[in-house]
$ cat entry.csv   # CSV, C-alpha atoms
chain,number,residue,atom,x,y,z
A,118,MET,CA,-84.7,202.6,167.9
A,119,ALA,CA,-83.4,206.1,167.1
A,120,GLU,CA,-85.2,207.5,170.2
A,121,ILE,CA,-84.0,204.6,172.4
A,122,PHE,CA,-80.3,204.9,171.4
A,123,GLU,CA,-80.5,208.7,171.1
A,124,VAL,CA,-79.1,208.7,167.6
A,125,SER,CA,-80.4,209.9,164.2
A,126,THR,CA,-82.0,207.5,161.8
A,127,ASP,CA,-79.0,208.1,159.4
A,128,TYR,CA,-76.7,206.4,161.8
A,129,LEU,CA,-79.0,203.4,162.1
A,130,LEU,CA,-79.2,203.0,158.4
A,131,LYS,CA,-75.7,203.9,157.2
A,132,ASP,CA,-72.5,201.9,157.7
A,133,GLU,CA,-70.3,203.5,160.4
A,134,MET,CA,-66.8,202.6,159.1
A,135,GLY,CA,-65.4,202.7,155.7
A,136,LYS,CA,-62.8,200.2,154.4
A,137,GLU,CA,-59.9,202.6,155.2
A,138,GLU,CA,-61.0,202.9,158.9
A,139,VAL,CA,-61.4,199.2,159.3
A,140,GLU,CA,-57.9,198.6,157.9
A,141,LYS,CA,-56.4,201.2,160.3
A,142,ILE,CA,-58.0,199.4,163.3
A,143,SER,CA,-56.8,196.0,162.0
A,144,ASP,CA,-53.2,197.2,162.1
A,145,TYR,CA,-53.3,197.0,166.0
A,146,ARG,CA,-55.5,193.9,166.2
A,147,THR,CA,-53.8,190.5,166.9
A,148,GLU,CA,-55.2,187.2,168.0
A,149,ASP,CA,-54.2,187.9,171.6
A,150,THR,CA,-55.7,191.5,171.6
A,151,VAL,CA,-58.5,191.9,174.0
A,152,TYR,CA,-61.1,194.6,173.4
A,153,ARG,CA,-63.4,196.0,176.0
A,154,ASN,CA,-67.0,196.4,174.8
A,155,VAL,CA,-68.7,199.7,175.5
A,156,SER,CA,-72.5,199.8,175.4
A,157,MET,CA,-74.7,202.7,174.4
A,158,GLU,CA,-75.7,203.1,178.1
A,159,GLU,CA,-72.1,203.2,179.3
A,160,ALA,CA,-71.1,205.7,176.7
A,161,ASN,CA,-74.0,208.0,177.6
A,162,HIS,CA,-73.3,207.8,181.3
A,163,PHE,CA,-69.6,208.6,180.7
A,164,LEU,CA,-70.3,211.6,178.5
A,165,GLU,CA,-72.8,213.0,181.0
A,166,TRP,CA,-70.4,212.4,183.9
A,167,LYS,CA,-67.6,214.3,182.0
A,168,ARG,CA,-70.0,217.1,181.1
A,169,LYS,CA,-71.1,217.6,184.7
A,170,ASN,CA,-67.7,217.4,186.2
A,171,ALA,CA,-65.8,219.5,183.6
A,172,VAL,CA,-66.7,222.7,185.4
A,173,ILE,CA,-65.7,221.3,188.8
A,174,LEU,CA,-62.4,220.1,187.5
A,175,ALA,CA,-61.6,223.3,185.7
A,176,GLY,CA,-62.6,225.2,188.8
A,177,ALA,CA,-60.1,223.2,190.9
A,178,VAL,CA,-57.3,224.0,188.5
A,179,ALA,CA,-58.3,227.7,188.6
A,180,LEU,CA,-58.2,227.6,192.4
A,181,CYS,CA,-54.6,226.3,192.4
A,182,ILE,CA,-53.5,229.1,190.0
A,183,MET,CA,-55.2,232.0,191.9
A,184,SER,CA,-54.6,230.7,195.4
A,185,PRO,CA,-51.4,232.8,196.0
A,186,SER,CA,-52.8,236.0,194.5
A,187,LEU,CA,-54.2,237.4,197.8
A,188,LEU,CA,-51.0,236.3,199.6
A,189,ILE,CA,-48.8,238.1,197.1
A,190,PHE,CA,-50.8,241.3,197.3
A,191,LEU,CA,-51.0,241.4,201.1
A,192,THR,CA,-47.3,240.6,201.4
A,193,GLY,CA,-46.5,243.5,199.1
A,194,LEU,CA,-48.9,245.7,201.1
A,195,SER,CA,-47.3,244.6,204.4
A,196,SER,CA,-43.8,245.4,203.1
A,197,ALA,CA,-44.9,248.8,202.0
A,198,THR,CA,-46.2,249.6,205.5
A,199,GLY,CA,-43.0,248.4,207.2
A,200,GLY,CA,-44.3,245.1,208.6
A,201,ASN,CA,-42.6,241.8,207.9
A,202,LEU,CA,-45.6,239.5,208.6
A,203,SER,CA,-48.7,241.5,209.4
A,204,GLU,CA,-52.1,240.1,210.3
A,205,ASN,CA,-53.2,240.6,206.7
A,206,THR,CA,-50.4,238.5,205.4
A,207,ALA,CA,-51.3,235.7,207.8
A,208,VAL,CA,-54.8,235.9,206.5
A,209,GLY,CA,-53.5,235.6,202.9
A,210,ILE,CA,-51.5,232.5,203.8
A,211,GLY,CA,-54.6,231.0,205.4
A,212,VAL,CA,-56.7,231.7,202.4
A,213,SER,CA,-54.1,230.3,200.0
A,214,VAL,CA,-53.8,227.1,202.0
A,215,VAL,CA,-57.6,226.7,202.1
A,216,LEU,CA,-58.0,227.2,198.3
A,217,VAL,CA,-55.2,224.7,197.5
A,218,SER,CA,-56.7,222.2,200.0
A,219,LEU,CA,-60.1,222.5,198.4
A,220,ALA,CA,-58.6,222.0,194.9
A,221,VAL,CA,-56.7,218.9,196.0
A,222,ALA,CA,-59.9,217.5,197.6
A,223,ILE,CA,-61.7,218.0,194.3
A,224,PHE,CA,-58.9,216.3,192.4
A,225,ILE,CA,-58.9,213.3,194.7
A,226,SER,CA,-62.7,213.0,194.5
A,227,TYR,CA,-62.7,213.3,190.7
A,228,GLY,CA,-60.0,210.7,190.4
A,229,ILE,CA,-61.8,208.2,192.7
A,230,ARG,CA,-65.1,208.6,190.9
A,231,GLY,CA,-63.5,208.4,187.6
A,232,LYS,CA,-61.8,205.0,188.3
A,233,ALA,CA,-64.8,203.3,186.7
A,234,TYR,CA,-64.0,204.9,183.3
A,235,GLU,CA,-60.2,204.5,183.6
A,236,TYR,CA,-60.3,201.7,181.0
A,237,LEU,CA,-61.3,204.1,178.3
A,238,LYS,CA,-57.9,205.8,178.6
A,239,LYS,CA,-55.8,202.7,178.7
A,240,GLU,CA,-57.6,199.7,177.1
A,241,LEU,CA,-58.6,199.0,173.5
A,242,ILE,CA,-62.3,199.3,173.2
A,243,GLU,CA,-65.1,198.3,170.8
A,244,THR,CA,-68.3,200.4,170.9
A,245,ALA,CA,-71.8,199.0,170.4
A,246,TYR,CA,-73.6,199.8,167.2
A,247,GLY,CA,-74.7,203.4,167.0
A,248,VAL,CA,-72.3,204.6,169.7
A,249,LYS,CA,-69.6,205.9,167.3
A,250,GLY,CA,-72.2,207.7,165.2
A,251,LEU,CA,-73.7,209.3,168.4
A,252,VAL,CA,-70.3,210.5,169.7
A,253,LYS,CA,-69.3,211.9,166.3
A,254,GLU,CA,-72.5,213.8,166.1
A,255,LYS,CA,-72.1,215.2,169.6
A,256,LYS,CA,-68.4,216.1,168.9
A,257,GLN,CA,-69.3,217.9,165.7
A,258,ASP,CA,-72.1,219.9,167.6
A,259,TYR,CA,-69.6,220.8,170.3
A,260,GLU,CA,-66.8,221.9,167.9
A,261,GLY,CA,-67.9,225.6,167.9
A,262,THR,CA,-68.1,225.7,171.7
A,263,TYR,CA,-64.7,224.0,172.0
A,264,THR,CA,-63.0,226.4,169.5
A,265,ARG,CA,-64.5,229.5,171.3
A,266,GLY,CA,-63.4,228.2,174.7
A,267,ILE,CA,-59.8,227.6,173.6
A,268,ILE,CA,-59.6,231.0,171.9
A,269,LEU,CA,-61.1,232.9,174.8
A,270,GLY,CA,-58.8,231.0,177.3
A,271,VAL,CA,-55.7,231.8,175.3
A,272,VAL,CA,-56.7,235.5,174.9
A,273,PHE,CA,-57.2,235.8,178.7
A,274,CYS,CA,-53.8,234.3,179.3
A,275,ILE,CA,-52.2,236.7,176.9
A,276,LEU,CA,-54.0,239.8,178.2
A,277,ALA,CA,-53.2,238.8,181.8
A,278,VAL,CA,-49.7,240.3,181.6
A,279,ILE,CA,-50.9,243.8,180.4
A,280,PRO,CA,-51.6,245.2,183.9
A,281,LEU,CA,-48.1,244.1,185.1
A,282,LEU,CA,-46.4,245.6,182.1
A,283,ILE,CA,-48.3,248.9,182.5
A,284,GLY,CA,-47.4,249.0,186.2
A,285,ILE,CA,-43.7,248.5,185.4
A,286,ALA,CA,-43.8,251.1,182.7
A,287,MET,CA,-45.4,253.6,185.0
A,288,GLU,CA,-42.9,252.8,187.7
A,289,GLN,CA,-45.6,252.0,190.3
A,290,PRO,CA,-44.6,251.3,193.9
A,291,GLU,CA,-43.9,247.7,194.9
A,292,TYR,CA,-47.2,247.1,196.6
A,293,MET,CA,-49.0,248.1,193.4
A,294,ILE,CA,-46.8,245.8,191.3
A,295,THR,CA,-47.8,242.9,193.6
A,296,GLY,CA,-51.4,243.9,193.0
A,297,ASP,CA,-50.8,243.7,189.3
A,298,VAL,CA,-49.3,240.2,189.7
A,299,SER,CA,-52.4,239.2,191.6
A,300,ILE,CA,-54.6,240.4,188.7
A,301,LEU,CA,-52.3,238.5,186.3
A,302,LEU,CA,-52.9,235.3,188.2
A,303,LEU,CA,-56.7,235.8,188.4
A,304,LEU,CA,-56.9,236.4,184.6
A,305,VAL,CA,-54.7,233.4,183.9
A,306,ALA,CA,-57.0,231.3,186.2
A,307,VAL,CA,-60.0,232.4,184.2
A,308,GLY,CA,-58.3,231.5,180.9
A,309,VAL,CA,-57.2,228.1,182.1
A,310,PHE,CA,-60.7,227.5,183.5
A,311,LEU,CA,-62.1,228.0,180.0
A,312,ILE,CA,-59.5,225.8,178.4
A,313,VAL,CA,-59.7,222.9,180.8
A,314,ARG,CA,-63.5,222.9,180.8
A,315,VAL,CA,-63.9,222.6,177.0
A,316,SER,CA,-60.9,220.3,176.7
A,317,THR,CA,-62.3,217.9,179.3
A,318,ILE,CA,-65.6,217.6,177.4
A,319,ASN,CA,-63.9,217.3,174.0
A,320,GLY,CA,-61.5,214.7,175.4
A,321,SER,CA,-64.4,212.5,176.4
A,322,TYR,CA,-65.4,212.3,172.7
A,323,ASP,CA,-61.9,211.4,171.7
A,324,MET,CA,-61.8,208.6,174.3
A,325,LEU,CA,-64.8,206.9,172.9
A,326,LEU,CA,-63.8,207.5,169.3
A,327,GLN,CA,-60.2,206.5,170.1
A,328,GLU,CA,-58.8,209.5,168.4
A,329,GLY,CA,-55.8,211.8,169.2
A,330,GLU,CA,-53.9,210.9,172.3
A,331,TYR,CA,-56.4,208.1,172.9
A,332,SER,CA,-55.9,206.3,169.6
A,333,GLN,CA,-55.1,202.7,169.5
A,334,LYS,CA,-51.5,203.4,168.5
A,335,GLU,CA,-51.0,205.9,171.3
A,336,LYS,CA,-52.5,203.4,173.8
A,337,ALA,CA,-50.1,200.7,172.7
A,338,VAL,CA,-47.1,203.1,173.0
A,339,LYS,CA,-48.2,204.3,176.5
A,340,LYS,CA,-48.7,200.7,177.7
A,341,LYS,CA,-45.0,199.9,176.7
A,342,PHE,CA,-43.7,202.9,178.6
A,343,GLU,CA,-46.1,202.7,181.6
A,344,ILE,CA,-43.5,201.4,184.0
A,345,TYR,CA,-41.1,204.2,183.1
A,346,SER,CA,-43.8,206.8,183.4
A,347,THR,CA,-44.8,205.6,186.8
A,348,ALA,CA,-41.2,205.7,188.0
A,349,TYR,CA,-40.7,209.2,186.5
A,350,TRP,CA,-43.8,210.7,188.3
A,351,CYS,CA,-42.8,209.1,191.6
A,352,ILE,CA,-39.4,210.7,191.4
A,353,ALA,CA,-40.8,214.0,190.2
A,354,THR,CA,-43.3,214.0,193.1
A,355,ALA,CA,-40.6,213.2,195.6
A,356,ILE,CA,-38.3,216.0,194.3

$ encode --input "entry.csv" --output "structure tokens"
Amino acid sequence: MAEIFEVSTDYLLKDEMGKEEVEKISDYRTEDTVYRNVSMEEANHFLEWKRKNAVILAGAVALCIMSPSLLIFLTGLSSATGGNLSENTAVGIGVSVVLVSLAVAIFISYGIRGKAYEYLKKELIETAYGVKGLVKEKKQDYEGTYTRGIILGVVFCILAVIPLLIGIAMEQPEYMITGDVSILLLLVAVGVFLIVRVSTINGSYDMLLQEGEYSQKEKAVKKKFEIYSTAYWCIATAI
């Protein structure tokens, strides 16, 4: 059974929840509450899908951030040479549009393929026996990688501003300053890539464990304000 469900024998032999955890769950359970059952197979498919797509999603976010870097640099270079819109600047605009378009295509594809797991974010779930133990074990094993990813990502974002500060302090010409800005964006893109990648994988564990922003309490609050949230984002997008 341990091999079939991919869990240790400890999780098959020990109780999964203590009295305190059961009481916490019962706080949000009523007679009308409907819980969606999640099998071991569904949980494994979801975790594997998140793991494979974490790099792709993080890459799309990074593309959005670094998309204007070439345009900014070439525009500064064009201004330095006396041209308002040179051929190089036009190339930079084209590259920026292509990168953003590619990122948007990835976001749309990710959203469509992730519809099957949308219920994990919004609905209250009950996992099959052994699932919670398996997910806790995987999350604990991933904790070191998650911590390192967050730390490195934040460090990259902080260090990103150094080339720009040095350029300003040395009173570099404008085209070189725009180059420093481009470097800043590239370093931030790397940092955000690391953060989004590890956060996506770690978030998949939280979804199945119903912890953090995916706890039963948070889901209940989000459900109440869902109509206002939808209206807000529609207005924000229009603006």

$ atom_distance --input "entry.csv" --atom1 "atom CA of Asn170 of chain A" --atom2 "atom CA of Lys339 of chain A"
25.4 Å

$ atom_distance --input "entry.csv" --atom1 "atom CA of Leu282 of chain A" --atom2 "atom CA of Leu187 of chain A"
19.4 Å

$ closest_residue --input "entry.csv" --among "A:Arg168, A:His162, A:Lys334, A:Arg153" --to "Tyr259 of chain A" --atoms "only C-alpha atoms"
A:Arg168

$ atom_distance --input "entry.csv" --atom1 "atom CA of Leu301 of chain A" --atom2 "atom CA of Leu281 of chain A"
7.1 Å

$ closest_residue --input "entry.csv" --among "A:Val151, A:Ala177, A:Lys341, A:Ile318" --to "Phe224 of chain A" --atoms "only C-alpha atoms"
A:Ala177
